[in-house]
>>> print(open('data_31.pdb').read())   # PDB, C-alpha atoms
ATOM      1  CA  MET F   1       0.000   0.000   0.000
ATOM      2  CA  ASP F   2       1.178   3.545  -0.808
ATOM      3  CA  PRO F   3       2.542   5.477   2.230
ATOM      4  CA  VAL F   4      -0.102   8.170   1.689
ATOM      5  CA  GLU F   5      -2.845   5.524   1.703
ATOM      6  CA  ASN F   6      -1.395   4.063   4.907
ATOM      7  CA  ALA F   7      -1.469   7.503   6.508
ATOM      8  CA  ASP F   8      -5.032   8.068   5.290
ATOM      9  CA  GLN F   9      -6.183   4.755   6.737
ATOM     10  CA  PHE F  10      -4.559   5.518  10.099
ATOM     11  CA  LEU F  11      -6.165   8.971  10.120
ATOM     12  CA  VAL F  12      -9.621   7.520   9.419
ATOM     13  CA  GLU F  13      -9.170   4.928  12.172
ATOM     14  CA  GLN F  14      -8.327   7.693  14.636
ATOM     15  CA  ILE F  15     -11.394   9.676  13.574
ATOM     16  CA  ARG F  16     -13.562   6.584  13.981
ATOM     17  CA  ALA F  17     -12.183   6.333  17.523
ATOM     18  CA  GLY F  18     -13.323   9.895  18.202
ATOM     19  CA  SER F  19      -9.995  11.742  17.985
ATOM     20  CA  GLU F  20     -10.596  15.482  17.658
ATOM     21  CA  SER F  21      -6.945  16.081  16.753
ATOM     22  CA  ALA F  22      -7.260  13.633  13.843
ATOM     23  CA  TRP F  23     -10.443  15.356  12.714
ATOM     24  CA  ARG F  24      -8.729  18.751  12.867
ATOM     25  CA  GLN F  25      -5.863  17.321  10.807
ATOM     26  CA  LEU F  26      -8.305  16.154   8.116
ATOM     27  CA  ILE F  27     -10.058  19.536   8.129
ATOM     28  CA  ASP F  28      -6.769  21.430   7.813
ATOM     29  CA  ARG F  29      -5.569  19.164   5.038
ATOM     30  CA  PHE F  30      -8.623  19.181   2.761
ATOM     31  CA  THR F  31     -10.576  22.399   3.373
ATOM     32  CA  GLY F  32      -8.603  24.490   0.908
ATOM     33  CA  ARG F  33      -8.765  22.132  -2.041
ATOM     34  CA  LEU F  34     -12.454  21.323  -1.484
ATOM     35  CA  LEU F  35     -13.283  25.028  -1.242
ATOM     36  CA  ALA F  36     -11.355  25.728  -4.436
ATOM     37  CA  PHE F  37     -13.320  23.018  -6.214
ATOM     38  CA  ALA F  38     -16.683  24.257  -4.906
ATOM     39  CA  ARG F  39     -15.988  27.952  -5.522
ATOM     40  CA  ALA F  40     -15.267  27.257  -9.186
ATOM     41  CA  ARG F  41     -18.707  25.667  -9.548
ATOM     42  CA  THR F  42     -20.969  27.928  -7.469
ATOM     43  CA  ALA F  43     -22.026  31.553  -7.691
ATOM     44  CA  GLY F  44     -20.813  32.641  -4.258
ATOM     45  CA  LEU F  45     -18.363  31.911  -1.468
ATOM     46  CA  SER F  46     -21.103  31.253   1.090
ATOM     47  CA  ASP F  47     -22.558  28.439  -1.019
ATOM     48  CA  ALA F  48     -19.114  26.909  -1.453
ATOM     49  CA  GLU F  49     -18.407  27.052   2.272
ATOM     50  CA  ASP F  50     -21.783  25.506   3.091
ATOM     51  CA  LEU F  51     -21.172  22.680   0.623
ATOM     52  CA  VAL F  52     -17.748  21.896   2.077
ATOM     53  CA  GLN F  53     -19.127  21.954   5.616
ATOM     54  CA  GLU F  54     -21.939  19.594   4.585
ATOM     55  CA  SER F  55     -19.383  17.350   2.887
ATOM     56  CA  PHE F  56     -17.341  17.021   6.068
ATOM     57  CA  VAL F  57     -20.491  16.207   8.024
ATOM     58  CA  GLY F  58     -21.471  13.732   5.309
ATOM     59  CA  PHE F  59     -18.090  12.065   5.631
ATOM     60  CA  LEU F  60     -18.608  11.591   9.373
ATOM     61  CA  GLN F  61     -22.095  10.239   8.820
ATOM     62  CA  SER F  62     -20.820   7.718   6.270
ATOM     63  CA  ILE F  63     -17.462   6.903   7.841
ATOM     64  CA  ALA F  64     -18.616   3.402   8.829
ATOM     65  CA  HIS F  65     -18.916   2.614   5.108
ATOM     66  CA  TYR F  66     -15.604   4.152   4.041
ATOM     67  CA  ASP F  67     -13.541   1.659   2.041
ATOM     68  CA  PRO F  68      -9.827   2.132   2.828
ATOM     69  CA  ALA F  69      -9.007   0.841  -0.655
ATOM     70  CA  ARG F  70     -10.331   4.159  -1.985
ATOM     71  CA  SER F  71      -8.364   7.381  -1.884
ATOM     72  CA  LEU F  72      -9.540   9.536   1.017
ATOM     73  CA  GLU F  73      -9.305  12.630  -1.151
ATOM     74  CA  THR F  74     -11.375  11.000  -3.899
ATOM     75  CA  TYR F  75     -13.992   9.969  -1.339
ATOM     76  CA  LEU F  76     -14.294  13.528  -0.003
ATOM     77  CA  PHE F  77     -14.524  14.998  -3.512
ATOM     78  CA  THR F  78     -17.234  12.459  -4.365
ATOM     79  CA  ILE F  79     -19.304  13.543  -1.371
ATOM     80  CA  LEU F  80     -18.803  17.190  -2.320
ATOM     81  CA  ARG F  81     -20.001  16.565  -5.876
ATOM     82  CA  HIS F  82     -23.155  14.872  -4.595
ATOM     83  CA  LYS F  83     -23.816  17.856  -2.303
ATOM     84  CA  LEU F  84     -23.176  20.227  -5.187
ATOM     85  CA  TYR F  85     -25.644  18.509  -7.498
ATOM     86  CA  ASP F  86     -28.234  18.318  -4.722
ATOM     87  CA  LEU F  87     -27.960  22.090  -4.342
ATOM     88  CA  LEU F  88     -28.194  22.696  -8.074
ATOM     89  CA  ARG F  89     -31.226  20.427  -8.409
ATOM     90  CA  GLN F  90     -32.949  22.238  -5.575
ATOM     91  CA  ARG F  91     -32.360  25.590  -7.255
ATOM     92  CA  LYS F  92     -32.861  24.252 -10.790
ATOM     93  CA  MET F  93     -29.458  25.609 -11.765
ATOM     94  CA  LYS F  94     -26.575  24.384 -13.893
ATOM     95  CA  LEU F  95     -22.910  24.201 -12.969
ATOM     96  CA  VAL F  96     -21.165  27.569 -13.137
ATOM     97  CA  SER F  97     -18.050  25.855 -14.486
ATOM     98  CA  GLU F  98     -17.114  22.480 -15.907
ATOM     99  CA  PRO F  99     -14.398  21.315 -18.328
ATOM    100  CA  ALA F 100     -15.223  22.571 -21.825
ATOM    101  CA  ASP F 101     -16.891  19.972 -24.017
ATOM    102  CA  SER F 102     -16.571  17.485 -21.173
ATOM    103  CA  GLY F 103     -19.592  15.445 -22.135
ATOM    104  CA  GLU F 104     -20.145  14.775 -18.424
ATOM    105  CA  TRP F 105     -17.057  12.534 -18.443
ATOM    106  CA  TRP F 106     -16.331  13.218 -14.790
ATOM    107  CA  ASP F 107     -19.781  12.081 -13.712
ATOM    108  CA  ARG F 108     -20.327   8.902 -15.686
ATOM    109  CA  VAL F 109     -21.826   6.124 -13.616
ATOM    110  CA  VAL F 110     -22.578   2.499 -14.163
ATOM    111  CA  PRO F 111     -26.313   1.771 -14.608
ATOM    112  CA  GLY F 112     -28.000   0.057 -11.672
ATOM    113  CA  SER F 113     -28.657  -3.647 -11.659
ATOM    114  CA  THR F 114     -32.115  -5.227 -11.709
ATOM    115  CA  GLU F 115     -30.940  -8.528 -10.252
ATOM    116  CA  THR F 116     -31.914  -9.999  -6.896
ATOM    117  CA  PRO F 117     -30.058  -8.655  -3.811
ATOM    118  CA  SER F 118     -27.829 -11.735  -3.554
ATOM    119  CA  GLY F 119     -27.119 -11.749  -7.267
ATOM    120  CA  HIS F 120     -26.444  -8.031  -7.199
ATOM    121  CA  ALA F 121     -24.008  -8.485  -4.306
ATOM    122  CA  MET F 122     -22.126 -11.159  -6.235
ATOM    123  CA  GLN F 123     -22.082  -8.980  -9.325
ATOM    124  CA  GLN F 124     -20.755  -6.037  -7.316
ATOM    125  CA  GLU F 125     -17.934  -8.134  -5.872
ATOM    126  CA  THR F 126     -17.014  -9.403  -9.332
ATOM    127  CA  GLU F 127     -17.054  -5.871 -10.711
ATOM    128  CA  ARG F 128     -14.935  -4.677  -7.783
ATOM    129  CA  GLN F 129     -12.324  -7.348  -8.458
ATOM    130  CA  GLN F 130     -12.312  -6.599 -12.186
ATOM    131  CA  ALA F 131     -12.062  -2.867 -11.529
ATOM    132  CA  GLN F 132      -9.073  -3.429  -9.250
ATOM    133  CA  LEU F 133      -7.412  -5.608 -11.875
ATOM    134  CA  LEU F 134      -8.096  -3.026 -14.561
ATOM    135  CA  ALA F 135      -6.665  -0.285 -12.328
ATOM    136  CA  ASP F 136      -3.519  -2.366 -11.830
ATOM    137  CA  ILE F 137      -2.861  -2.911 -15.502
ATOM    138  CA  LEU F 138      -3.685   0.719 -16.389
ATOM    139  CA  ARG F 139      -1.239   1.831 -13.722
ATOM    140  CA  GLN F 140       1.342  -0.546 -15.188
ATOM    141  CA  LEU F 141       0.886   1.000 -18.635
ATOM    142  CA  ILE F 142       1.045   4.577 -17.304
ATOM    143  CA  HIS F 143       4.209   3.880 -15.323
ATOM    144  CA  GLU F 144       5.812   2.227 -18.336
ATOM    145  CA  LEU F 145       5.111   5.296 -20.472
ATOM    146  CA  ARG F 146       6.391   7.664 -17.795
ATOM    147  CA  ASP F 147       9.543   5.615 -17.216
ATOM    148  CA  ARG F 148      10.567   6.019 -20.853
ATOM    149  CA  ASP F 149       9.366   9.638 -21.035
ATOM    150  CA  ALA F 150       6.676   8.766 -23.586
ATOM    151  CA  PHE F 151       4.485  11.643 -22.429
ATOM    152  CA  ASP F 152       3.148  12.308 -25.925
ATOM    153  CA  ASP F 153       1.631   8.816 -25.968
ATOM    154  CA  LEU F 154       0.363   9.258 -22.425
ATOM    155  CA  GLN F 155      -1.452  12.463 -23.397
ATOM    156  CA  VAL F 156      -3.225  10.677 -26.239
ATOM    157  CA  ILE F 157      -4.226   7.763 -24.007
ATOM    158  CA  GLU F 158      -5.454  10.060 -21.259
ATOM    159  CA  LEU F 159      -7.654  12.023 -23.641
ATOM    160  CA  VAL F 160      -9.061   8.882 -25.268
ATOM    161  CA  PHE F 161      -9.602   6.661 -22.231
ATOM    162  CA  PHE F 162     -10.002   9.147 -19.383
ATOM    163  CA  ALA F 163     -11.606  12.185 -20.994
ATOM    164  CA  GLY F 164     -13.557  10.148 -23.574
ATOM    165  CA  LYS F 165     -12.397  12.180 -26.574
ATOM    166  CA  ARG F 166     -12.731  10.946 -30.152
ATOM    167  CA  ASN F 167      -9.607  10.304 -32.193
ATOM    168  CA  LEU F 168     -10.371  13.327 -34.368
ATOM    169  CA  ASP F 169     -10.760  15.614 -31.349
ATOM    170  CA  VAL F 170      -7.550  14.300 -29.782
ATOM    171  CA  GLY F 171      -5.665  14.951 -33.008
ATOM    172  CA  GLU F 172      -6.906  18.535 -33.129
ATOM    173  CA  LEU F 173      -6.133  19.166 -29.452
ATOM    174  CA  LEU F 174      -2.592  17.800 -29.690
ATOM    175  CA  ASP F 175      -1.968  18.878 -33.300
ATOM    176  CA  ILE F 176      -1.170  15.386 -34.535
ATOM    177  CA  ASP F 177      -2.566  13.206 -37.305
ATOM    178  CA  GLN F 178      -5.738  11.245 -36.529
ATOM    179  CA  LYS F 179      -4.072   8.072 -37.791
ATOM    180  CA  ALA F 180      -1.253   8.576 -35.293
ATOM    181  CA  VAL F 181      -3.836   8.844 -32.518
ATOM    182  CA  ALA F 182      -5.456   5.596 -33.675
ATOM    183  CA  GLY F 183      -2.091   3.880 -33.724
ATOM    184  CA  ILE F 184      -1.211   4.965 -30.182
ATOM    185  CA  LYS F 185      -4.622   3.874 -28.955
ATOM    186  CA  PHE F 186      -4.323   0.504 -30.696
ATOM    187  CA  ARG F 187      -0.876  -0.169 -29.211
ATOM    188  CA  ALA F 188      -2.106   0.817 -25.744
ATOM    189  CA  ILE F 189      -5.049  -1.584 -25.970
ATOM    190  CA  GLN F 190      -2.720  -4.333 -27.175
ATOM    191  CA  LYS F 191      -0.466  -3.775 -24.185
ATOM    192  CA  LEU F 192      -3.392  -3.750 -21.784
ATOM    193  CA  GLN F 193      -4.720  -6.969 -23.270
ATOM    194  CA  GLY F 194      -1.277  -8.505 -22.880
ATOM    195  CA  TYR F 195      -1.121  -7.488 -19.224
ATOM    196  CA  LEU F 196      -4.600  -8.934 -18.689
ATOM    197  CA  GLN F 197      -3.695 -12.195 -20.394
ATOM    198  CA  GLN F 198      -0.820 -12.580 -17.978
ATOM    199  CA  ARG F 199      -3.089 -12.091 -14.984
ATOM    200  CA  GLU F 200      -6.655 -13.096 -15.837
ATOM    201  CA  PRO F 201      -7.607 -13.922 -19.458
ATOM    202  CA  SER F 202     -11.359 -13.765 -18.792
ATOM    203  CA  VAL F 203     -11.245 -10.014 -18.120
ATOM    204  CA  THR F 204     -10.043  -9.082 -21.612
ATOM    205  CA  SER F 205     -13.655  -8.466 -22.638
ATOM    206  CA  CYS F 206     -13.552  -5.253 -20.573
ATOM    207  CA  LEU F 207     -11.395  -3.776 -23.310
ATOM    208  CA  ASP F 208     -13.761  -4.496 -26.197
ATOM    209  CA  GLU F 209     -14.276  -1.485 -28.421
ATOM    210  CA  GLY F 210     -17.495   0.337 -27.604
ATOM    211  CA  ARG F 211     -17.735  -0.584 -23.934
ATOM    212  CA  ALA F 212     -14.153  -0.056 -22.793
ATOM    213  CA  ASP F 213     -14.156   3.719 -22.592
ATOM    214  CA  LEU F 214     -16.792   3.931 -19.853
ATOM    215  CA  THR F 215     -15.213   1.221 -17.727
ATOM    216  CA  VAL F 216     -11.674   2.484 -18.166
ATOM    217  CA  ALA F 217     -12.703   6.111 -17.556
ATOM    218  CA  ARG F 218     -14.484   5.188 -14.340
ATOM    219  CA  VAL F 219     -11.598   3.099 -13.032
ATOM    220  CA  TRP F 220      -9.065   5.722 -14.109
ATOM    221  CA  ARG F 221     -11.036   8.460 -12.375
ATOM    222  CA  GLU F 222     -11.756   6.591  -9.155
ATOM    223  CA  ASN F 223      -8.113   5.570  -8.748
ATOM    224  CA  ARG F 224      -6.765   8.950  -9.854
ATOM    225  CA  LEU F 225      -4.228   7.181 -12.018
ATOM    226  CA  THR F 226      -2.705  10.312 -13.542
ATOM    227  CA  CYS F 227      -3.540  12.854 -10.843
ATOM    228  CA  LEU F 228      -0.498  14.882  -9.850
ATOM    229  CA  LYS F 229       1.171  14.896  -6.459
ATOM    230  CA  ARG F 230       0.941  18.068  -4.409
ATOM    231  CA  SER F 231       4.739  18.326  -4.581
ATOM    232  CA  THR F 232       4.589  18.218  -8.399
ATOM    233  CA  LEU F 233       1.921  20.916  -8.473
ATOM    234  CA  GLY F 234       3.959  22.975  -6.012
ATOM    235  CA  SER F 235       7.045  22.751  -8.222
ATOM    236  CA  TYR F 236       4.914  23.685 -11.248
ATOM    237  CA  LEU F 237       3.521  26.694  -9.387
ATOM    238  CA  LEU F 238       7.039  27.831  -8.449
ATOM    239  CA  GLY F 239       8.255  27.398 -12.042
ATOM    240  CA  VAL F 240      10.944  24.870 -11.110
ATOM    241  CA  LEU F 241       9.395  21.747 -12.639
ATOM    242  CA  ASP F 242      11.631  20.283 -15.334
ATOM    243  CA  GLU F 243      10.558  18.999 -18.739
ATOM    244  CA  PRO F 244       8.807  16.828 -19.760
ATOM    245  CA  TRP F 245       6.866  16.973 -16.496
ATOM    246  CA  ARG F 246       6.196  20.701 -16.816
ATOM    247  CA  SER F 247       4.483  20.275 -20.187
ATOM    248  CA  TYR F 248       2.571  17.212 -19.027
ATOM    249  CA  THR F 249       1.378  19.001 -15.877
ATOM    250  CA  GLN F 250       0.146  21.917 -17.964
ATOM    251  CA  PHE F 251      -1.634  19.480 -20.288
ATOM    252  CA  HIS F 252      -3.281  17.642 -17.373
ATOM    253  CA  LEU F 253      -4.509  20.907 -15.868
ATOM    254  CA  ASP F 254      -5.444  22.904 -18.966
ATOM    255  CA  VAL F 255      -6.400  20.327 -21.601
ATOM    256  CA  VAL F 256      -7.752  17.439 -19.533
ATOM    257  CA  GLY F 257      -9.033  19.888 -16.925
ATOM    258  CA  CYS F 258      -8.789  17.368 -14.083
ATOM    259  CA  PRO F 259     -11.027  19.043 -11.480
ATOM    260  CA  MET F 260      -9.233  17.596  -8.461
ATOM    261  CA  CYS F 261      -5.786  18.678  -9.635
ATOM    262  CA  VAL F 262      -7.111  22.100 -10.639
ATOM    263  CA  ALA F 263      -8.597  22.436  -7.145
ATOM    264  CA  ASN F 264      -5.331  21.333  -5.555
ATOM    265  CA  LEU F 265      -3.426  23.907  -7.612
ATOM    266  CA  ALA F 266      -5.874  26.649  -6.587
ATOM    267  CA  ASP F 267      -5.436  25.623  -2.965
ATOM    268  CA  LEU F 268      -1.647  25.859  -3.268
ATOM    269  CA  GLN F 269      -1.987  29.263  -4.902
ATOM    270  CA  SER F 270      -4.146  30.495  -2.033
ATOM    271  CA  GLU F 271      -1.574  29.208   0.447
ATOM    272  CA  GLU F 272       1.054  31.227  -1.389
ATOM    273  CA  ASP F 273      -1.085  34.360  -1.397
ATOM    274  CA  THR F 274      -3.059  34.843   1.824
ATOM    275  CA  ARG F 275      -3.798  31.677   3.722
ATOM    276  CA  THR F 276      -5.249  32.032   7.209
ATOM    277  CA  PRO F 277      -6.581  29.255   9.446
ATOM    278  CA  ALA F 278     -10.021  30.879   9.582
ATOM    279  CA  ASP F 279     -11.661  28.556   7.059
ATOM    280  CA  GLN F 280     -10.250  25.424   8.681
ATOM    281  CA  GLU F 281     -11.261  26.518  12.177
ATOM    282  CA  ARG F 282     -14.786  27.353  11.048
ATOM    283  CA  MET F 283     -15.138  23.960   9.365
ATOM    284  CA  PHE F 284     -13.779  22.205  12.440
ATOM    285  CA  GLN F 285     -16.079  23.978  14.903
ATOM    286  CA  SER F 286     -19.144  23.427  12.722
ATOM    287  CA  SER F 287     -18.523  19.694  12.312
ATOM    288  CA  VAL F 288     -16.748  18.455  15.432
ATOM    289  CA  GLY F 289     -20.083  17.920  17.184
ATOM    290  CA  PHE F 290     -20.943  15.260  14.610
ATOM    291  CA  LEU F 291     -17.697  13.463  15.393
ATOM    292  CA  LYS F 292     -18.976  12.567  18.866
ATOM    293  CA  ARG F 293     -22.088  11.036  17.340
ATOM    294  CA  THR F 294     -20.067   8.587  15.276
ATOM    295  CA  VAL F 295     -18.371   6.831  18.226
TER     296      VAL F 295
END
>>> encode(input="data_31.pdb", output="structure tokens")
Amino acid sequence: MDPVENADQFLVEQIRAGSESAWRQLIDRFTGRLLAFARARTAGLSDAEDLVQESFVGFLQSIAHYDPARSLETYLFTILRHKLYDLLRQRKMKLVSEPADSGEWWDRVVPGSTETPSGHAMQQETERQQAQLLADILRQLIHELRDRDAFDDLQVIELVFFAGKRNLDVGELLDIDQKAVAGIKFRAIQKLQGYLQQREPSVTSCLDEGRADLTVARVWRENRLTCLKRSTLGSYLLGVLDEPWRSYTQFHLDVVGCPMCVANLADLQSEEDTRTPADQERMFQSSVGFLKRTV
């Protein structure tokens, strides 16, 4: 397990035990980036603050169901998005901001099952195992491309699989020939199929053309396979990030428009400008009462 995931799991266990210091640590760590995300999608600061506060309370109310296999940050952002859409539905409003021409790629979900409860439970477990396997082989491909500095190929794959772009659109965005895009995509699928054959041949059907993009996009998103580390974003913000990482970071932020990384960058920028503990303290005081109800 990644050291960050280990730390997240330990933090959640402390919160489950009723530790106020652990809860304050979570508040201090995530308030800025959640606020940055919410402020970009609402009309006013007060709405954004309310949504983040409700998200922290929602986390406490659902902490018994938190799966440590999931990123803590992803889990908090997921809660925030649900709160955001609840607010917008209530007011019959649309998002103030979303990635241009996103086609709702960040919000795609798998249709619900109509099977019996026991059958549905078995199906969910199978899907969970397949999703984990798919995440593993996607991560293997991404690391292989990064290790040999094949960031041009990685950009194509990220736009096709993660952002759900057509080959033609990818070619226009990256100023390359559509046939080159198709070739990179084909080679990536071949590699993924090879990785799957080595592990579990029966799962290769997940990569069939026409149904792969949704599955891969969901797994890619939930596991944050190409999300940038805070240290990388910090170096980018300071202008000290070397190539090819500087160009890739700019691509991930500006072309892909990853909302979580954009929010993290905005949070780092606010820390650099005028960061005070007022927001964190307000969030802590407004939610700590719910902590006692969870233990």
>>> closest_residue(input="data_31.pdb", among="F:Leu237, F:Leu34, F:Leu45, F:Leu192", to="Ile79 in chain F", atoms="all atoms listed in the file")
F:Leu34
>>> resolve_selection(input="data_31.pdb", expression="the PyMOL selection byres ((chain F and resi 234) around 12)", output="ChimeraX atom specification")
/F:228-233,235-241,246,249,261,264-272
>>> resolve_selection(input="data_31.pdb", expression="the PyMOL selection byres ((chain F and resi 17) around 12)", output="PyMOL selection string")
chain F and resi 10-16+18-23+60+63-64+291-295
>>> closest_residue(input="data_31.pdb", among="F:Ala40, F:Gly194, F:Arg91, F:Gly183", to="Leu141 in chain F", atoms="all atoms listed in the file")
F:Gly194
>>> resolve_selection(input="data_31.pdb", expression="the PyMOL selection byres ((chain F and resi 151-167) around 6)", output="PDB file with C-alpha atoms, in the coordinates of the input")
ATOM      1  CA  ASP F 149       9.366   9.638 -21.035  1.00  0.00           C
ATOM      2  CA  ALA F 150       6.676   8.766 -23.586  1.00  0.00           C
ATOM      3  CA  LEU F 168     -10.371  13.327 -34.368  1.00  0.00           C
ATOM      4  CA  ASP F 169     -10.760  15.614 -31.349  1.00  0.00           C
ATOM      5  CA  VAL F 170      -7.550  14.300 -29.782  1.00  0.00           C
ATOM      6  CA  GLN F 178      -5.738  11.245 -36.529  1.00  0.00           C
ATOM      7  CA  VAL F 181      -3.836   8.844 -32.518  1.00  0.00           C
ATOM      8  CA  ASP F 213     -14.156   3.719 -22.592  1.00  0.00           C
ATOM      9  CA  ALA F 217     -12.703   6.111 -17.556  1.00  0.00           C
TER      10      ALA F 217
END
>>> closest_residue(input="data_31.pdb", among="F:Leu26, F:Arg33, F:Leu133, F:Asp67", to="Gln198 in chain F", atoms="all atoms listed in the file")
F:Leu133
>>> atom_distance(input="data_31.pdb", atom1="CA of Phe251 in chain F", atom2="CA of Glu144 in chain F")
18.9 Å
>>> residues_around(input="data_31.pdb", residues="Phe77 in chain F", least_positions_apart="6", cutoff="10 Å", atoms="only C-alpha atoms", output="list in words")
Phe30, Arg33, Leu34, Phe37, Ala38, Val52, Ser55, Ser71, Lys83, Pro259 and Met260 of chain F
>>> write_last_selection(input="data_31.pdb", atoms="C-alpha atoms", output="PDB file, keeping the file's coordinate frame")
ATOM      1  CA  PHE F  30      -8.623  19.181   2.761  1.00  0.00           C
ATOM      2  CA  ARG F  33      -8.765  22.132  -2.041  1.00  0.00           C
ATOM      3  CA  LEU F  34     -12.454  21.323  -1.484  1.00  0.00           C
ATOM      4  CA  PHE F  37     -13.320  23.018  -6.214  1.00  0.00           C
ATOM      5  CA  ALA F  38     -16.683  24.257  -4.906  1.00  0.00           C
ATOM      6  CA  VAL F  52     -17.748  21.896   2.077  1.00  0.00           C
ATOM      7  CA  SER F  55     -19.383  17.350   2.887  1.00  0.00           C
ATOM      8  CA  SER F  71      -8.364   7.381  -1.884  1.00  0.00           C
ATOM      9  CA  LYS F  83     -23.816  17.856  -2.303  1.00  0.00           C
ATOM     10  CA  PRO F 259     -11.027  19.043 -11.480  1.00  0.00           C
ATOM     11  CA  MET F 260      -9.233  17.596  -8.461  1.00  0.00           C
TER      12      MET F 260
END
>>> build_atoms(input="data_31.pdb", residues="range 45-60 of chain F", atoms="N, CA and C atoms", output="PDB file, keeping the file's coordinate frame")
ATOM      1  N   LEU F  45     -19.208  32.551  -2.472  1.00  0.00           N
ATOM      2  CA  LEU F  45     -18.363  31.911  -1.468  1.00  0.00           C
ATOM      3  C   LEU F  45     -19.186  31.222  -0.390  1.00  0.00           C
ATOM      4  N   SER F  46     -20.301  31.842   0.010  1.00  0.00           N
ATOM      5  CA  SER F  46     -21.103  31.253   1.090  1.00  0.00           C
ATOM      6  C   SER F  46     -21.647  29.887   0.694  1.00  0.00           C
ATOM      7  N   ASP F  47     -22.085  29.745  -0.545  1.00  0.00           N
ATOM      8  CA  ASP F  47     -22.558  28.439  -1.019  1.00  0.00           C
ATOM      9  C   ASP F  47     -21.432  27.416  -0.978  1.00  0.00           C
ATOM     10  N   ALA F  48     -20.258  27.822  -1.433  1.00  0.00           N
ATOM     11  CA  ALA F  48     -19.114  26.909  -1.453  1.00  0.00           C
ATOM     12  C   ALA F  48     -18.758  26.464  -0.044  1.00  0.00           C
ATOM     13  N   GLU F  49     -18.741  27.393   0.887  1.00  0.00           N
ATOM     14  CA  GLU F  49     -18.407  27.052   2.272  1.00  0.00           C
ATOM     15  C   GLU F  49     -19.447  26.117   2.870  1.00  0.00           C
ATOM     16  N   ASP F  50     -20.715  26.382   2.586  1.00  0.00           N
ATOM     17  CA  ASP F  50     -21.783  25.506   3.091  1.00  0.00           C
ATOM     18  C   ASP F  50     -21.634  24.093   2.529  1.00  0.00           C
ATOM     19  N   LEU F  51     -21.320  23.994   1.255  1.00  0.00           N
ATOM     20  CA  LEU F  51     -21.172  22.680   0.623  1.00  0.00           C
ATOM     21  C   LEU F  51     -20.010  21.903   1.231  1.00  0.00           C
ATOM     22  N   VAL F  52     -18.896  22.572   1.485  1.00  0.00           N
ATOM     23  CA  VAL F  52     -17.748  21.896   2.077  1.00  0.00           C
ATOM     24  C   VAL F  52     -18.067  21.456   3.504  1.00  0.00           C
ATOM     25  N   GLN F  53     -18.733  22.324   4.255  1.00  0.00           N
ATOM     26  CA  GLN F  53     -19.127  21.954   5.616  1.00  0.00           C
ATOM     27  C   GLN F  53     -20.044  20.729   5.595  1.00  0.00           C
ATOM     28  N   GLU F  54     -21.033  20.736   4.699  1.00  0.00           N
ATOM     29  CA  GLU F  54     -21.939  19.594   4.585  1.00  0.00           C
ATOM     30  C   GLU F  54     -21.196  18.330   4.148  1.00  0.00           C
ATOM     31  N   SER F  55     -20.158  18.504   3.344  1.00  0.00           N
ATOM     32  CA  SER F  55     -19.383  17.350   2.887  1.00  0.00           C
ATOM     33  C   SER F  55     -18.610  16.723   4.043  1.00  0.00           C
ATOM     34  N   PHE F  56     -18.050  17.555   4.904  1.00  0.00           N
ATOM     35  CA  PHE F  56     -17.341  17.021   6.068  1.00  0.00           C
ATOM     36  C   PHE F  56     -18.309  16.287   6.994  1.00  0.00           C
ATOM     37  N   VAL F  57     -19.479  16.874   7.196  1.00  0.00           N
ATOM     38  CA  VAL F  57     -20.491  16.207   8.024  1.00  0.00           C
ATOM     39  C   VAL F  57     -20.919  14.903   7.358  1.00  0.00           C
ATOM     40  N   GLY F  58     -21.104  14.943   6.037  1.00  0.00           N
ATOM     41  CA  GLY F  58     -21.471  13.732   5.309  1.00  0.00           C
ATOM     42  C   GLY F  58     -20.421  12.649   5.430  1.00  0.00           C
ATOM     43  N   PHE F  59     -19.163  13.041   5.452  1.00  0.00           N
ATOM     44  CA  PHE F  59     -18.090  12.065   5.631  1.00  0.00           C
ATOM     45  C   PHE F  59     -18.212  11.391   6.990  1.00  0.00           C
ATOM     46  N   LEU F  60     -18.455  12.183   8.039  1.00  0.00           N
ATOM     47  CA  LEU F  60     -18.608  11.591   9.373  1.00  0.00           C
ATOM     48  C   LEU F  60     -19.812  10.659   9.435  1.00  0.00           C
TER      49      LEU F  60
END
